[in-house]
Protein chains: 2
Amino acid sequence: MSTKPVSIAVLVSGNGTNFQAIVDAIESGRIRNAHITCLVSNRADAFAIERAKKHNIKSFVLDHKNYKNRMEYDTAMVEILQRHNVQLVVLAGFMRILSSTMIDAFPNSIMNIHPALLPSFPGLDAQQQAFDYGVRYTGCTVHFVDSGTDTGPIILQAVVPALESDTVNTLTKRIHGEEHRIYVEAIGLFCDGRLRVEGRKVTIAQQTGCATNLL
Amino acid sequence: MSTKPVSIAVLVSGNGTNFQAIVDAIESGRIRNAHITCLVSNRADAFAIERAKKHNIKSFVLDHKNYKNRMEYDTAMVEILQRHNVQLVVLAGFMRILSSTMIDAFPNSIMNIHPALLPSFPGLDAQQQAFDYGVRYTGCTVHFVDSGTDTGPIILQAVVPALESDTVNTLTKRIHGEEHRIYVEAIGLFCDGRLRVEGRKVTIAQQTGCATNLL
């Protein structure tokens with residue numbers, strides 16, 4: 001594989017369980033060729049910051065209340081990310097909409113995970129939306145971020161059955177387990193240089209020759 | 001089980017492969033307790049009419065061009081269905097939108113199958129829509145018909161992976177196989193009296209005592 005690890009920034013607003021899953025996957029070698037160079041939170045009290053400290057990951061608090069508008073906020077964000085030569089931005093429960101300032105700075109290199117089988121149930125409370133609709137299957141989606149709400153090119157999806165015995169909580173928990181799994185997989189594919197985007201379609205390149213040694 | 005079979009009408013516009021799957025399932029006993037009392041087509045040249053003849057199923061051509069508006073058309077349809085004491089209306093590629101005249105006459109007893117995992121990709125060309133969007137999973141949905149387009153309470157769904165090697169045709173074929181399977185299953189559940197609808201939620205009752213003899 002390539003020599004220099006991919007520089008990843010993770011953006012959070014809260015607990016950071018997906019952030020933790022990614023950290024663990026890098027430390028255990030399930031994601032190779034990657035290094036989390038910074039964590040950015042828009043909230044000073046995000047528990048994810050404690051998690052970062054434990055793993056000696058540099059963290060920044062970028063409080064949106066200190067900025068006049070979304071563009072100014074995103075300009076400050078881009079500045080931090082570029083200073084760390086970030087190649088992949090991973091949204092892990094970051095509760096802010098990104099402006100074109102961010103999206104144009106990182107084309108097809110901002111990933112988000114959404115707790116539904118997009119394009120079903122975009123936006124907030126996706127699990128509740130799916131529960132209320134009465135679907136038999138829901139799941140989660142890792143996608144590149146574009147200017148729409150949860151509309152970007154799909155990288156991976158996982159399917160989760162919605163059982164008649166489910167509450168929103170049990171359904172959410174089952175989806176959450178799959179989120180960790182496919183987010184780690186998608187980030188690994190990116191860091192191995194195996195994702196190609198053409199229009200809306202993401203294709204996954206076969207592993208190259210040398211990678212067979214690593215299996 | 002109950003003694004009198006459930007009277008089913010199947011509505012078609014064309015080839016009728018789902019109609020054939022239902023006929024076969026009744027004849028082979030996979031759907032019990034059901035009898036197709038009539039086939040209605042809005043086109044005289046629908047191949048499904050030939051299929052009906054082969055199986056001695058009465059068929060009617062109700063050409064929409066002979067009616068002033070949707071309501072008059074649907075009134076004629078309801079008249080035919082009520083004359084046959086129809087309890088379940090099954091749409092099998094019937095390319096007409098139903099008015100409230102039909103829907104009010106058969107509350108929660110009109111079934112449709114849609115070739116996508118609703119609420120994703122409602123309306124026409126669902127497989128093409130899913131293909132173009134670049135989803136990793138799609139499928140099909142059996143639902144009760146309400147006044148919206150493909151919005152009614154979901155009875156069953158089946159998941160089909162969309163492969164990078166797929167064309168719209170190969171994807172459509174794979175979905176079609178699952179359509180036959182879950183449509184037959186959903187009709188069987190209805191005829192066994194096992195479907196309950198509350199708001200948007202459809203629940204499937206456990207089989208009753210005597211049914212264990214039939215397993």
# chains A, B, ... in the order shown; residues from 1 in each chain; ligands from 1
$ interface_residues --of "chain A" --to "chain B" --cutoff "10 Å" --atoms "only C-alpha atoms" --output "tab-separated table (two decimals) with C-alpha atoms, in the first residue's frame"
chain	number	residue	atom	x	y	z
A	117	LEU	CA	-31.77	3.46	3.46
A	118	LEU	CA	-31.52	6.67	1.46
A	119	PRO	CA	-33.29	8.16	-0.42
A	120	SER	CA	-35.94	7.02	2.11
A	121	PHE	CA	-36.18	9.18	5.24
A	130	ALA	CA	-39.03	4.76	9.30
A	131	PHE	CA	-40.76	3.42	12.40
A	132	ASP	CA	-43.81	5.62	11.87
A	133	TYR	CA	-44.02	4.79	8.16
A	134	GLY	CA	-44.20	1.07	8.93
A	135	VAL	CA	-41.44	-0.20	6.62
A	136	ARG	CA	-40.32	-3.82	6.88
A	137	TYR	CA	-36.69	-2.93	6.17
A	138	THR	CA	-34.61	0.11	6.93
A	141	THR	CA	-26.19	4.70	4.27
A	151	THR	CA	-28.52	13.38	-1.31
A	152	GLY	CA	-24.86	12.70	-2.19
A	153	PRO	CA	-23.45	9.64	-4.02
A	154	ILE	CA	-23.95	6.44	-2.02
A	155	ILE	CA	-20.83	4.53	-0.97
A	156	LEU	CA	-22.25	1.67	1.12
A	157	GLN	CA	-25.58	0.69	2.61
A	158	ALA	CA	-26.65	-1.91	5.15
A	159	VAL	CA	-30.13	-3.35	5.56
A	161	PRO	CA	-35.23	-5.48	9.35
A	163	LEU	CA	-39.66	-6.08	13.43
A	164	GLU	CA	-43.23	-5.82	14.68
A	165	SER	CA	-41.84	-6.20	18.22
A	199	GLY	CA	-21.81	11.32	-11.42
A	200	ARG	CA	-24.00	9.73	-8.76
A	201	LYS	CA	-22.33	6.31	-8.96
A	202	VAL	CA	-19.59	5.16	-6.62
A	203	THR	CA	-17.64	2.10	-7.72
A	204	ILE	CA	-15.30	0.04	-5.61
$ select_by_dssp --residues "chain B" --states "alpha helix (DSSP H)" --output "number ranges by chain"
B: 17-27, 47-54, 70-83, 100-105, 126-133, 168-191
$ select_by_dssp --residues "segment 45-116 of chain A" --states "strand (DSSP E)" --output "PyMOL selection string"
chain A and resi 59-61+88-91+110-114
$ write_last_selection --atoms "C-alpha atoms" --output "PDB file, in the first residue's frame"
ATOM      1  CA  SER A  59      -9.226  18.414  19.080  1.00  0.00           C
ATOM      2  CA  PHE A  60     -10.682  21.815  18.266  1.00  0.00           C
ATOM      3  CA  VAL A  61     -13.870  23.446  19.439  1.00  0.00           C
ATOM      4  CA  LEU A  88     -10.947  12.948   4.140  1.00  0.00           C
ATOM      5  CA  VAL A  89     -13.551  14.672   6.324  1.00  0.00           C
ATOM      6  CA  VAL A  90     -15.754  12.275   8.289  1.00  0.00           C
ATOM      7  CA  LEU A  91     -19.023  13.553   9.765  1.00  0.00           C
ATOM      8  CA  ILE A 110     -16.579  14.458   2.895  1.00  0.00           C
ATOM      9  CA  MET A 111     -18.385  11.359   4.160  1.00  0.00           C
ATOM     10  CA  ASN A 112     -21.575  11.176   6.174  1.00  0.00           C
ATOM     11  CA  ILE A 113     -23.558   8.301   7.606  1.00  0.00           C
ATOM     12  CA  HIS A 114     -27.343   8.451   7.695  1.00  0.00           C
TER      13      HIS A 114
END
$ atom_distance --atom1 "atom CA of Val78 of chain B" --atom2 "atom CA of Ala44 of chain B"
18.9 Å
$ residues_around --residues "segment 69-73 of chain A" --least-positions-apart "4" --cutoff "7 Å" --atoms "only C-alpha atoms" --output "PyMOL selection string"
chain A and resi 64+77+99+101
$ closest_residue --among "B:Thr17, B:Thr167, B:Asn108, B:Thr75" --to "Leu195 of chain B" --atoms "only C-alpha atoms"
B:Asn108
$ atom_distance --atom1 "atom CA of Phe47 of chain B" --atom2 "atom CA of Val10 of chain B"
13.5 Å
$ residues_around --residues "segment 29-40 of chain A" --least-positions-apart "4" --cutoff "8 Å" --atoms "only C-alpha atoms" --output "short mmCIF file (atom, residue, chain, number, x, y, z; two decimals) with N, CA, C and O atoms, in the first residue's frame"
data_model
loop_
_atom_site.label_atom_id
_atom_site.label_comp_id
_atom_site.auth_asym_id
_atom_site.auth_seq_id
_atom_site.Cartn_x
_atom_site.Cartn_y
_atom_site.Cartn_z
N MET A 1 0.84 -1.19 0.00
CA MET A 1 0.00 0.00 0.00
C MET A 1 0.88 1.25 0.00
O MET A 1 2.08 1.18 0.20
N SER A 2 0.24 2.40 -0.16
CA SER A 2 1.01 3.64 -0.21
C SER A 2 1.64 3.91 1.16
O SER A 2 1.24 3.36 2.18
N THR A 3 2.64 4.78 1.16
CA THR A 3 3.44 4.95 2.36
C THR A 3 2.84 5.95 3.35
O THR A 3 2.77 5.69 4.54
N LYS A 4 2.37 7.11 2.84
CA LYS A 4 1.91 8.15 3.74
C LYS A 4 0.43 7.92 4.09
O LYS A 4 -0.41 7.84 3.20
N PRO A 5 0.08 7.82 5.37
CA PRO A 5 -1.33 7.57 5.70
C PRO A 5 -2.21 8.74 5.31
O PRO A 5 -1.78 9.90 5.31
N VAL A 6 -3.46 8.42 4.99
CA VAL A 6 -4.45 9.45 4.64
C VAL A 6 -4.80 10.26 5.89
O VAL A 6 -5.10 9.69 6.94
N SER A 7 -4.76 11.58 5.76
CA SER A 7 -5.08 12.46 6.89
C SER A 7 -6.60 12.65 7.00
O SER A 7 -7.24 13.16 6.07
N ILE A 8 -7.14 12.22 8.12
CA ILE A 8 -8.60 12.27 8.33
C ILE A 8 -8.95 13.28 9.41
O ILE A 8 -8.29 13.33 10.45
N ALA A 9 -9.98 14.08 9.17
CA ALA A 9 -10.58 14.91 10.23
C ALA A 9 -11.95 14.35 10.53
O ALA A 9 -12.69 13.98 9.61
N VAL A 10 -12.31 14.25 11.81
CA VAL A 10 -13.64 13.81 12.19
C VAL A 10 -14.36 14.99 12.82
O VAL A 10 -13.81 15.67 13.68
N LEU A 11 -15.59 15.25 12.35
CA LEU A 11 -16.40 16.37 12.86
C LEU A 11 -17.54 15.81 13.70
O LEU A 11 -18.27 14.91 13.24
N VAL A 12 -17.69 16.33 14.92
CA VAL A 12 -18.69 15.81 15.85
C VAL A 12 -19.45 16.95 16.52
O VAL A 12 -19.04 18.10 16.47
N ILE A 22 -14.29 4.38 14.63
CA ILE A 22 -13.26 4.64 13.61
C ILE A 22 -11.86 4.61 14.24
O ILE A 22 -10.93 4.01 13.69
N VAL A 23 -11.73 5.23 15.41
CA VAL A 23 -10.45 5.21 16.14
C VAL A 23 -10.03 3.76 16.40
O VAL A 23 -8.89 3.36 16.13
N ALA A 25 -10.93 1.09 14.87
CA ALA A 25 -10.64 0.36 13.63
C ALA A 25 -9.25 0.71 13.10
O ALA A 25 -8.56 -0.14 12.53
N ILE A 49 -14.74 14.79 22.65
CA ILE A 49 -13.46 15.46 22.95
C ILE A 49 -12.67 14.67 24.00
O ILE A 49 -11.45 14.53 23.88
N ALA A 52 -11.12 11.78 22.28
CA ALA A 52 -9.94 12.19 21.50
C ALA A 52 -8.71 12.28 22.40
O ALA A 52 -7.63 11.80 22.05
N ILE A 57 -5.50 12.41 20.22
CA ILE A 57 -5.91 13.05 18.96
C ILE A 57 -6.22 14.52 19.27
O ILE A 57 -6.95 14.83 20.21
N LYS A 58 -5.62 15.40 18.49
CA LYS A 58 -5.78 16.84 18.67
C LYS A 58 -7.25 17.21 18.45
O LYS A 58 -7.85 16.75 17.47
N SER A 59 -7.83 18.03 19.32
CA SER A 59 -9.23 18.41 19.08
C SER A 59 -9.40 19.92 19.11
O SER A 59 -8.66 20.64 19.78
N PHE A 60 -10.37 20.39 18.35
CA PHE A 60 -10.68 21.82 18.27
C PHE A 60 -12.16 22.01 18.54
O PHE A 60 -12.98 21.22 18.07
N VAL A 61 -12.47 23.06 19.29
CA VAL A 61 -13.87 23.45 19.44
C VAL A 61 -14.10 24.68 18.58
O VAL A 61 -13.41 25.70 18.74
N LEU A 62 -15.02 24.54 17.66
CA LEU A 62 -15.35 25.66 16.77
C LEU A 62 -16.82 25.97 17.03
O LEU A 62 -17.72 25.35 16.45
N LEU A 81 -8.74 22.51 8.72
CA LEU A 81 -8.59 21.24 8.01
C LEU A 81 -7.41 21.30 7.03
O LEU A 81 -6.62 20.36 6.92
N HIS A 84 -4.07 20.95 8.50
CA HIS A 84 -3.71 19.57 8.84
C HIS A 84 -3.66 18.68 7.61
O HIS A 84 -3.65 17.45 7.72
N VAL A 86 -5.80 17.77 5.57
CA VAL A 86 -6.86 16.75 5.62
C VAL A 86 -7.28 16.34 4.22
O VAL A 86 -7.49 17.17 3.34
N VAL A 184 -16.74 2.14 9.01
CA VAL A 184 -15.35 1.67 9.04
C VAL A 184 -14.95 1.10 7.68
O VAL A 184 -13.87 1.41 7.15
N GLU A 185 -15.84 0.32 7.09
CA GLU A 185 -15.54 -0.29 5.79
C GLU A 185 -15.35 0.79 4.72
O GLU A 185 -14.41 0.74 3.91
N ILE A 187 -14.56 3.99 5.05
CA ILE A 187 -13.35 4.80 5.28
C ILE A 187 -12.12 3.99 4.86
O ILE A 187 -11.19 4.53 4.24
N GLY A 188 -12.14 2.70 5.17
CA GLY A 188 -11.03 1.84 4.75
C GLY A 188 -10.87 1.82 3.24
O GLY A 188 -9.77 1.90 2.70
N CYS A 191 -9.35 5.09 2.10
CA CYS A 191 -7.93 5.20 2.44
C CYS A 191 -7.07 4.25 1.62
O CYS A 191 -5.88 4.50 1.41
N ASP A 192 -7.68 3.15 1.13
CA ASP A 192 -6.97 2.24 0.24
C ASP A 192 -7.05 2.72 -1.21
O ASP A 192 -6.59 2.03 -2.12
#
$ closest_residue --among "B:Val160, B:Asp166, B:Arg194, B:Gln20" --to "Glu50 of chain B" --atoms "only C-alpha atoms"
B:Gln20
$ closest_residue --among "A:Asp74, A:Asp45, A:Asp24, A:Glu198" --to "Arg96 of chain A" --atoms "only C-alpha atoms"
A:Asp74
$ atom_distance --atom1 "atom CA of Lys53 of chain B" --atom2 "atom CA of Ala105 of chain B"
27.4 Å
$ residues_around --residues "Gly148 of chain B" --least-positions-apart "5" --cutoff "12 Å" --atoms "only C-alpha atoms" --output "PyMOL selection string"
chain B and resi 97-100+103+119+122-123+143+153
$ residues_around --residues "Arg174 of chain B" --least-positions-apart "3" --cutoff "10 Å" --atoms "only C-alpha atoms" --output "list in words"
Gly139, Val160, Pro161, Ala162, Asp166, Asn169, Thr170, Leu171, Gly177, Glu178 and Glu179 of chain B
$ write_last_selection --atoms "C-alpha atoms" --output "mmCIF file, in the first residue's frame"
data_model
loop_
_atom_site.group_PDB
_atom_site.id
_atom_site.type_symbol
_atom_site.label_atom_id
_atom_site.label_comp_id
_atom_site.auth_asym_id
_atom_site.auth_seq_id
_atom_site.Cartn_x
_atom_site.Cartn_y
_atom_site.Cartn_z
ATOM 1 C CA GLY B 139 -36.364 -4.342 -3.757
ATOM 2 C CA VAL B 160 -32.533 -6.988 -3.605
ATOM 3 C CA PRO B 161 -28.879 -5.902 -3.874
ATOM 4 C CA ALA B 162 -27.975 -3.579 -6.761
ATOM 5 C CA ASP B 166 -26.034 -4.734 -13.047
ATOM 6 C CA ASN B 169 -32.547 -5.192 -17.034
ATOM 7 C CA THR B 170 -30.655 -7.578 -14.770
ATOM 8 C CA LEU B 171 -31.730 -5.566 -11.730
ATOM 9 C CA GLY B 177 -38.493 -12.851 -8.890
ATOM 10 C CA GLU B 178 -38.956 -11.389 -5.429
ATOM 11 C CA GLU B 179 -42.209 -9.704 -6.510
#
